[in-house]
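Heads up: the structure comes next, in structure tokens.
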Amino acid sequence: MSATTTTAVDLSGLSAARGGSRRLTGHLTRPTGPGPWPGVVVIHEALGVNDVMHRQTQRLARAGYLVVMPDLFTDGGAVRCLVPTFRAALSGRGRAFHDIEAARTHLAQDPDCTGRIGVIGFCMGGSFALLAVGGGDYDAAAVNYGRPPGHLERALTGSCPVVASYGARDRTLKKGAASGLEASLDRLGVVHDVKEYPEAGHSFLNDAEVGPRALRPLTRVAGIRPHPESAVDAWRRIDDFFATHLRGDGIDGAPGT
């Protein structure tokens, strides 16, 4: 696989102008070779930007996407930002949404972006991705074990195509999260691919355990751990979905055909 280049970008101006964070750092990862490329906004998990999240962005860049991951904890750190950011992910309101929009705008303004932009979220980021799909700003969304909001169908109205992956052993979510999401997407006529993996739990797409080592026995009990076998299939589905809806592979007259 080809190498990628990651640089820190200052998104503060774009976020503050929208009522978001006064300080916001993004991590921009570029594929090698000539652009332009479709863009992807990566929304990190509840534990913040870490090595696992950077590897997820690099994986997407190697697949041919211009990727930006905003650090939603920039303005205050994880300790101060986690609770209000998590509340925003559940309520649909808060500065984190303006920060995510700043990241999307940064991609849209980059001359190396084709203008087609997707969003992918993990854990808390999956909840944000679900709440972002209905605004008409994204061409595809990948939702990974994100908690569906109470006003799910309102959030999904006008949604872009959605690929979603859940683990049946995820004790952080109510049972039926995946089937409920699929039923809502069906009723709304949204193009989708939703799958629940019977042997997987929360954070099964991570390639390593994260968080304080002392707490890992508890997180394992809660079903929070990698599950490589399920992850391989989930990434295959995400890759295929983004190739179709962002690159236009297999769509007559679209780029990449």
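Note on naming: chains are A, B, ... as they come in the structure tokens, residues start from 1 per chain, ligands start from 1 in the order shown.
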
Review point. Can you tell me, as an MDAnalysis selection string, what residues are no more than 8 Å from region 189-204 of chain A when counting only C-alpha atoms, ignoring any on the same chain fewer than 5 positions away?
Key: chainID A and resid 122:123 145 158:172 178 181:182 223:228 230:231

With a distance cut-off of 7 Å and only C-alpha atoms, select the neighbouring residues of Arg22 (chain A), excluding the residue or stretch itself and same-chain residues fewer than 5 positions from it, and output the selection as a compact mmCIF listing (two decimals) with C-alpha atoms, in the first residue's frame.
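The result, written out as out.txt:
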```txt
# COMPACT_ATOMS: atom_id res chain seq x y z
CA SER A 12 -10.37 27.58 14.32
CA SER A 15 -15.40 26.72 13.53
CA ALA A 16 -15.56 30.00 15.45
CA ASP A 75 -10.61 23.57 23.07
```

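The gap separating CA of Pro111 (chain A) from CA of Leu131 (chain A) is 27.1 Å, in Å to one decimal.
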
Exercise for review: Determine which residues of region 50-218 of chain A receive a DSSP assignment of helix (DSSP H, G or I), computed from the backbone, and state them as a ChimeraX atom specification.
Suggested key: /A:51-62,77-91,95-109,124-135,152-156,177-188,213-218

Exercise for review: May I ask which of the residues A:Val40, A:Val49, A:Ala102, A:Ala140 is the closest one to Ala17 (chain A), counting only C-alpha atoms?
Suggested key: A:Ala102

Practice item. Could you please write out, as a ChimeraX atom specification, every residue of region 148-232 of chain A that DSSP assigns to strand (DSSP E)? Key: /A:162-167,192-197

Selection export as an mmCIF file, in the first residue's frame, atoms kept: N, CA and C atoms:
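Final output, saved to out_36.cif:
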```
data_model
loop_
_atom_site.group_PDB
_atom_site.id
_atom_site.type_symbol
_atom_site.label_atom_id
_atom_site.label_comp_id
_atom_site.auth_asym_id
_atom_site.auth_seq_id
_atom_site.Cartn_x
_atom_site.Cartn_y
_atom_site.Cartn_z
ATOM 1 N N VAL A 162 -26.295 5.334 3.492
ATOM 2 C CA VAL A 162 -25.699 4.997 4.789
ATOM 3 C C VAL A 162 -25.253 3.541 4.800
ATOM 4 N N VAL A 163 -24.006 3.308 5.224
ATOM 5 C CA VAL A 163 -23.530 1.969 5.536
ATOM 6 C C VAL A 163 -23.261 1.950 7.034
ATOM 7 N N ALA A 164 -23.807 0.968 7.733
ATOM 8 C CA ALA A 164 -23.715 0.949 9.193
ATOM 9 C C ALA A 164 -23.328 -0.438 9.687
ATOM 10 N N SER A 165 -22.496 -0.469 10.723
ATOM 11 C CA SER A 165 -22.009 -1.733 11.269
ATOM 12 C C SER A 165 -22.145 -1.721 12.792
ATOM 13 N N TYR A 166 -22.712 -2.820 13.316
ATOM 14 C CA TYR A 166 -22.939 -2.957 14.751
ATOM 15 C C TYR A 166 -22.502 -4.348 15.210
ATOM 16 N N GLY A 167 -22.254 -4.476 16.517
ATOM 17 C CA GLY A 167 -21.922 -5.759 17.114
ATOM 18 C C GLY A 167 -23.048 -6.230 18.017
ATOM 19 N N HIS A 192 -29.098 1.968 1.701
ATOM 20 C CA HIS A 192 -28.356 1.619 2.908
ATOM 21 C C HIS A 192 -27.831 0.188 2.859
ATOM 22 N N ASP A 193 -26.873 -0.053 3.744
ATOM 23 C CA ASP A 193 -26.318 -1.382 3.993
ATOM 24 C C ASP A 193 -26.035 -1.438 5.494
ATOM 25 N N VAL A 194 -26.927 -2.092 6.238
ATOM 26 C CA VAL A 194 -26.799 -2.198 7.692
ATOM 27 C C VAL A 194 -26.547 -3.658 8.048
ATOM 28 N N LYS A 195 -25.555 -3.890 8.897
ATOM 29 C CA LYS A 195 -25.244 -5.279 9.280
ATOM 30 C C LYS A 195 -24.845 -5.323 10.751
ATOM 31 N N GLU A 196 -25.349 -6.339 11.432
ATOM 32 C CA GLU A 196 -24.956 -6.602 12.823
ATOM 33 C C GLU A 196 -24.141 -7.891 12.852
ATOM 34 N N TYR A 197 -22.989 -7.840 13.502
ATOM 35 C CA TYR A 197 -22.079 -8.980 13.559
ATOM 36 C C TYR A 197 -22.295 -9.734 14.869
#
```

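Our summary of the geometry notes that CA of Phe128 (chain A) is positioned 24.0 Å from CA of Arg62 (chain A).
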